[in-house]
Each structure stands twice: as C-alpha cells, then as structure tokens.
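Trainee: Pasting a structure here, questions to come.
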Amino acid sequence: MNIIRFEFRRNLRSFLIWTAAILAFCVWMLSVYESSFSGLGAGINEFVQYFPESMKKAFGIDRLDITTITGYFGMEVHLFIILFGSMYSTLLSSSLLSKEESEKTVEFLLSRPITRTSVVTQKLAVYVIYVTLFSIITWSVSYAAMLRSESSFDRASFWALGGMTYLSILAIASLGFLGSVFVTRHRTAYSAALGLVLGLYALQIVSDISQKASFLRYVTPFKWASAADILPRGGVDPVYAALAAGVILASVAGAYRVYSKKDIAV
Amino acid sequence: MSQRPAVNTEKLTKYYGKSRGIIDVDLSIMDGEIFGFIGPNGAGKTTTIRLLLNFIFPTGGSATIFGMDAIRDSKGIKRVTGYLPGDAAYYGELRGRDLLEYASRFYEKDCLERGRELADIFDLDLEKRIETLSLGNKKKIGVVQALMHGPRLLILDEPTSGLDPLIQKRFYEVILEENRKGTTVFWSSHVLSEVQKMCNRVAILKEGRVLRVEEVETLRSKQLMKVQVSFADPRVDLPEEVQGVVNPERENDTLRFLFSGNVDSLVKALAKTNIKGLQMEEPSLEEVFMHYYESDEPGRKEDSR
C-alpha cells in the first residue's frame, strides 16, 4: 500500500491537468454541437456526402449521423477522449517502473523489505486507479452534457461505448506498462509510449479504410472501442471485449514475469 | 564476535552477457565483523553487492545473509539490512523528511525518530527538497536511510566519497557505535586508509576474483617491509643473494623497495656492503595493495636478484 499511496500523490498533479484539459475540450465540443450542428439537420448530411469515401470511413461518417447528439459525440468527442486518454494513460503506465530505473531511485526502493512482485502489483494499481478515475469522470461529465442538450439519446449504447473505451484505454496502457519493463531510459520510454498510441490509432484508420487490412481490427484497441461500430450496433462485440481483456491480462502477466527475473542495475 | 557467518557466498559468479562481473567469489563474513572489500574500479565490488541484494541474478553460485537465501528470501534479508549505494539518487522533488517518512513506512517499527536523530548528527536539513541538496548532503540522506531502521547488516559502497572530513569522522564514529551494538558491516572501498582503520578483515578483489582474504593486521605487518637503503658508493647494488625484492626504485645512491623475504638475511647481506643509511618500516595498506596488483602483471613479477 505504501508505494500506491506514494505514487498516487506523486502523479496526482499530472492526472488533474490532463483530465481537466480533456474535459474542458469535451464540454466545449458538445456546446459547439448545441449552438451549430443541432439546427442544421439534413443540410450537414448532404455536405458530408461530398467527402471522399476513404475519409468518411476513416472518421466513421459512413456509419454515424453527425446531426444527432449521439453521432456527433461518437465522431468528435469520443475520438478525443480515447485518443488523448490513452496517451495520458500510457505515458503514466510506462513511467511508473521505468522512472525508478532512469532516475536511479530503484536501488532505494529495492533495498526496502518488499518483493518485486509487490512492486509490480502496486505500480500496476496506480495506473489502473487513474485510468478508472479518468474514465468515470470523463464519461459522467459527457453524460451530463449530453443530457442537457438532448434527453432522448440511446443510453445503453452510450454506456456500452464508455465501458469498451475504458477497457481499450486500459489495454493500451497495459501494453505500455509491459514495454516499460524492457525500455527503461526515460526519453526512449516516453517516445515509445507516444509512438505506441499513435501507431495503434493509425492502424485503426487503415483497418477502416482498406478491405485488405481489415484483419487489423483484431490488432488495435482503438477499433475495439470504435464509436462508429458500437453506437449503430447498440452494443459491444464480445470478441473485442475478450481481446481487450486478454491483452490486459497478458501484458500484466508478462510484466510480472520479466520484472521479477530481470537484472536491475543503474 | 560469534562464529556464525552474517554473509556467506559460495562460488558466486556473474557475467553480463560475455563480459565478466565476478568469478567464483567465496566470502564468509562473521557476525559482528567489519569486513573490508577493496579493489580498483571494475574489480566487481558493486556487482557483488548487487548480487547480495538481489538487484541482479547470479550466473552461478549462491549467497546467504544470516542464513537467508539471497534470491528466495530477499525480502527477509532487507528487513535486517541497510544499504548505502555508491551513487545515490532519491526522489528529487521530495523533502528529506518526506523521503524518510516513505522509507520508514516499509518497516514494521517506527524508525523516524532514529532518522531525525541521525540527520542531526550529520547536520542534515530535512526541510529542503532533495534536488536542491549538494552531493555531500545527498550522500548524508543515503547514510540516514541506510541506518534508520537499525539494521543488523550494513552494506556500504564507497561510503565516504563526497563527505567532508568532519562528517567522515562522525560517520566512522556512528559506524563503530553501530558495530559495538552488534551490527555487521560490509565495507566496500578503494580508500585504503579507511579500510585499514575501520576493518577487521579485508578481501582484495582483482578482475572479478577474490585475490585473498586477510586480517588487516596480517596484511600490513607480516607480509611486507618497506626498505630504503643508501649506499656509500652509488655504483654498488644489493648483493646477489638477497631474495624477495619487489618494485625496486633506484635514485643515485638510494634504493627503495618492498621486501617480502627474510629480514635477517637482508640485513646480513647488507652488512657486507658499505651503507650510509637504512630505513625499514611497515608499508601502508595502499603499498601492499599495489604490490598485489603489480606482482601479477607479466614483466613486473617479483624481482629476485
């Protein structure tokens, strides 16, 4: 518990900054919908018809109706939450173990009476707690904001999207956590985390645009929590949910295994 | 000093890939002893310590501390061990006080009071952020966190580097005090004078192997003699029959060397020549130490003439 408490405090400020910034942007985007899109009706749909096919697919315009609050949320706000949320979460998860090594504090930590397994468990708990808090906060505020502008949206698919987004962010963060057991130099770990998130996002776009690359849908967590799939469907594809859970468990298991056997010399 | 080993290693070996860390290190440090561990940089001192603390895993061999296995019982070992790293780093954004509180919560007993006491002894300001502290003051943080939980074994890696002489003196006093209370000390250093002053026994490490383990006294007094002879005639040299001359240095009429042979036969051999002066004294550990290193190198073998 000692490490959880210590790391929770240590990472609180960056959590508050990221969450506040992302929330502010979400609320602002939802208010933009209220003031401009909601009145446009069919006009905007006609406008987006002229977008290139691949662009429509990439942003899910082919499956979402941007004139409804749900469609607008799925296309704009949700993308923002999952993209920046996973960026924040992965930067956090990949720093928890690697920072001890890059800042040479790990000898202090490991000379305390504590097992390496417990170090991993507590560090892991820190990012799980923060990702959970982030998801609860962003989703609750989005829910409230949507209620305010239109009371008749599909609650079930909204919460299904929220749940799957949470799992996907957690899966990406867990991959970052696993990676940080191998890559411990601070700068490299930082770049690798950002590269992982943006790379996985790019794969989602490719998987949406290209028929040939559609197998990529099993590779990138962004696809598993795609609003353009979940909202029209009204629920989560269980295959994707199982994949996300599998990635989380496998990453965490790998991190335990490697960390408890590796040489830690700074 | 009881005869139960506090630290015991058997054929402890570590390779980093193909590069040598330590090879077949056998150590047996008695409970209550202050044990010196000396060798130049890269000899494997820190590698040995990291193996004892299970920061790294051995390629071969094993280690126990108070009978606990270094790998399996690492947690138990750390309950009773204090470690002062050579190159210490702590969470820079914390104040000294926060760090000690964090460290203290890992132990079952309250060690904060002792921590504050130690900080007072070493003149350490616990209200300052660690990142603003000088190197010496960071080292003091290291000393306090290593000692605050009253460990039965202290592992010190180059403990006095960066401490000013006054604080070094206090440090020696505190360590001797802990040792009187029964703490075993494993003292790794390349500062030979302090090892000579503080330790009961010393292991000399060279290129990853333990060259030998000696009582500090034995090492200093019985093995070698430092000799300086001034000859009346600068062309005269030592008589042929003298055996055991190490690293001779000639300067006009004066010859200096370390002598590992029989003193009686040296004096008798010198009696056959005409000398102006003769000095013999116990060498410092440093000189003994250099001897161990140099005598193994090809072309610089013991010079017997």
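Residues are named by chain letter and number: chains run A, B, ... in the order of the structure tokens, numbers start at 1 in each chain, and ligands are numbered from 1 in the order shown.
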Give the residues of chain A that lie within 9 Å of chain B; count only C-alpha atoms, and format the answer as a PyMOL selection string.
Mentor: chain A and resi 2-3+6+100+103-115+261-265
Trainee: When you look at region 121-131 of chain A with a cut-off of 9 Å (counting only C-alpha atoms), what residues show up, excluding the ones that are within fewer than 2 positions of it in the same chain? I need them as an MDAnalysis selection string.
Mentor: chainID A and resid 1:5 7:8 11:12 15 85:86 88:90 92:93 96:97 116:119 133:136 166 169:170 173:174 177 252 256
Trainee: Quick one: residues within 9 Å of Ile209 (chain A), only C-alpha atoms, excluding same-chain residues fewer than 2 positions away - as a ChimeraX atom specification?
Mentor: /A:53-58,204-207,211,213-214
Trainee: Quick one: write out the picked residues with C-alpha atoms as a PDB file, in the first residue's frame?
Mentor:
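Result went into out00.pdb, see below:
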```
ATOM      1  CA  GLU A  53     -15.093   7.791 -49.439  1.00  0.00           C
ATOM      2  CA  SER A  54     -11.932   6.922 -47.518  1.00  0.00           C
ATOM      3  CA  MET A  55     -12.253   9.998 -45.351  1.00  0.00           C
ATOM      4  CA  LYS A  56     -15.832   9.141 -44.488  1.00  0.00           C
ATOM      5  CA  LYS A  57     -14.734   5.661 -43.482  1.00  0.00           C
ATOM      6  CA  ALA A  58     -11.770   6.919 -41.502  1.00  0.00           C
ATOM      7  CA  GLN A 204      -7.487   1.702 -36.771  1.00  0.00           C
ATOM      8  CA  ILE A 205      -7.827   4.190 -39.630  1.00  0.00           C
ATOM      9  CA  VAL A 206      -6.127   1.758 -42.023  1.00  0.00           C
ATOM     10  CA  SER A 207      -8.389  -1.078 -40.900  1.00  0.00           C
ATOM     11  CA  GLN A 211     -10.689  -4.040 -47.080  1.00  0.00           C
ATOM     12  CA  ALA A 213      -6.208  -4.567 -43.997  1.00  0.00           C
ATOM     13  CA  SER A 214      -9.408  -5.385 -42.174  1.00  0.00           C
TER      14      SER A 214
END
```
Trainee: Can you tell me, as an NGL selection string, which residues in region 24-157 of chain B count as alpha helix (DSSP H) by DSSP?
Mentor: :B and (45-52 or 74-79 or 96-104 or 112-121 or 135-147)
Trainee: Let me see the file: selected residues, C-alpha atoms, as a PDB file, in the first residue's frame.
Mentor:
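And here's result09.pdb as it stands now:
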```pdb
ATOM      1  CA  LYS B  45      32.792  -4.792  -5.766  1.00  0.00           C
ATOM      2  CA  THR B  46      29.454  -3.279  -6.720  1.00  0.00           C
ATOM      3  CA  THR B  47      28.477  -6.391  -8.680  1.00  0.00           C
ATOM      4  CA  THR B  48      28.977  -8.469  -5.535  1.00  0.00           C
ATOM      5  CA  ILE B  49      26.822  -6.079  -3.510  1.00  0.00           C
ATOM      6  CA  ARG B  50      24.085  -6.097  -6.134  1.00  0.00           C
ATOM      7  CA  LEU B  51      24.056  -9.884  -6.036  1.00  0.00           C
ATOM      8  CA  LEU B  52      23.767  -9.882  -2.245  1.00  0.00           C
ATOM      9  CA  SER B  74      15.452 -11.224  -0.372  1.00  0.00           C
ATOM     10  CA  LYS B  75      12.575  -9.524   1.449  1.00  0.00           C
ATOM     11  CA  GLY B  76      13.596 -11.018   4.780  1.00  0.00           C
ATOM     12  CA  ILE B  77      17.193 -10.009   4.178  1.00  0.00           C
ATOM     13  CA  LYS B  78      16.177  -6.417   3.523  1.00  0.00           C
ATOM     14  CA  ARG B  79      14.282  -6.223   6.810  1.00  0.00           C
ATOM     15  CA  GLY B  96      14.366  14.868   3.160  1.00  0.00           C
ATOM     16  CA  ARG B  97      11.600  14.469   5.714  1.00  0.00           C
ATOM     17  CA  ASP B  98       9.158  13.067   3.126  1.00  0.00           C
ATOM     18  CA  LEU B  99      11.725  10.558   1.956  1.00  0.00           C
ATOM     19  CA  LEU B 100      12.416   9.332   5.474  1.00  0.00           C
ATOM     20  CA  GLU B 101       8.672   9.014   6.114  1.00  0.00           C
ATOM     21  CA  TYR B 102       8.273   6.999   2.917  1.00  0.00           C
ATOM     22  CA  ALA B 103      11.255   4.806   3.775  1.00  0.00           C
ATOM     23  CA  SER B 104      10.038   4.334   7.329  1.00  0.00           C
ATOM     24  CA  LEU B 112      11.512   8.131  12.095  1.00  0.00           C
ATOM     25  CA  GLU B 113      12.852   9.151  15.454  1.00  0.00           C
ATOM     26  CA  ARG B 114      16.159   7.442  14.780  1.00  0.00           C
ATOM     27  CA  GLY B 115      16.134   9.022  11.318  1.00  0.00           C
ATOM     28  CA  ARG B 116      15.812  12.520  12.760  1.00  0.00           C
ATOM     29  CA  GLU B 117      18.496  11.775  15.318  1.00  0.00           C
ATOM     30  CA  LEU B 118      20.883  10.676  12.560  1.00  0.00           C
ATOM     31  CA  ALA B 119      20.045  13.743  10.484  1.00  0.00           C
ATOM     32  CA  ASP B 120      21.013  15.868  13.479  1.00  0.00           C
ATOM     33  CA  ILE B 121      24.289  14.029  13.930  1.00  0.00           C
ATOM     34  CA  LEU B 135      26.303  15.954  -3.459  1.00  0.00           C
ATOM     35  CA  GLY B 136      27.607  15.605   0.074  1.00  0.00           C
ATOM     36  CA  ASN B 137      24.187  16.289   1.585  1.00  0.00           C
ATOM     37  CA  LYS B 138      22.557  13.773  -0.762  1.00  0.00           C
ATOM     38  CA  LYS B 139      25.104  11.275   0.494  1.00  0.00           C
ATOM     39  CA  LYS B 140      24.004  12.079   4.044  1.00  0.00           C
ATOM     40  CA  ILE B 141      20.416  11.257   3.058  1.00  0.00           C
ATOM     41  CA  GLY B 142      21.804   7.923   1.903  1.00  0.00           C
ATOM     42  CA  VAL B 143      23.545   7.369   5.215  1.00  0.00           C
ATOM     43  CA  VAL B 144      20.412   8.163   7.212  1.00  0.00           C
ATOM     44  CA  GLN B 145      18.114   5.933   5.150  1.00  0.00           C
ATOM     45  CA  ALA B 146      20.615   3.073   5.420  1.00  0.00           C
ATOM     46  CA  LEU B 147      20.854   3.327   9.207  1.00  0.00           C
TER      47      LEU B 147
END
```
Trainee: I'd like the contact shell of Ala241 (chain A) - 12 Å cut-off, only C-alpha atoms, skipping same-chain residues fewer than 5 positions apart - returned as a list of chain:residue names.
Mentor: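 Counting only the stated atoms, we get A:Ala160, A:Leu161, A:Gly163, A:Met164, A:Thr165, A:Tyr166, A:Leu167, A:Ser168, A:Leu170, A:Ala171, A:Tyr218, A:Pro221, A:Phe222, A:Lys223, A:Trp224, A:Ala225, A:Ser226, A:Ile230, A:Gly235, A:Val236, A:Gly246, A:Val247, A:Ile248.
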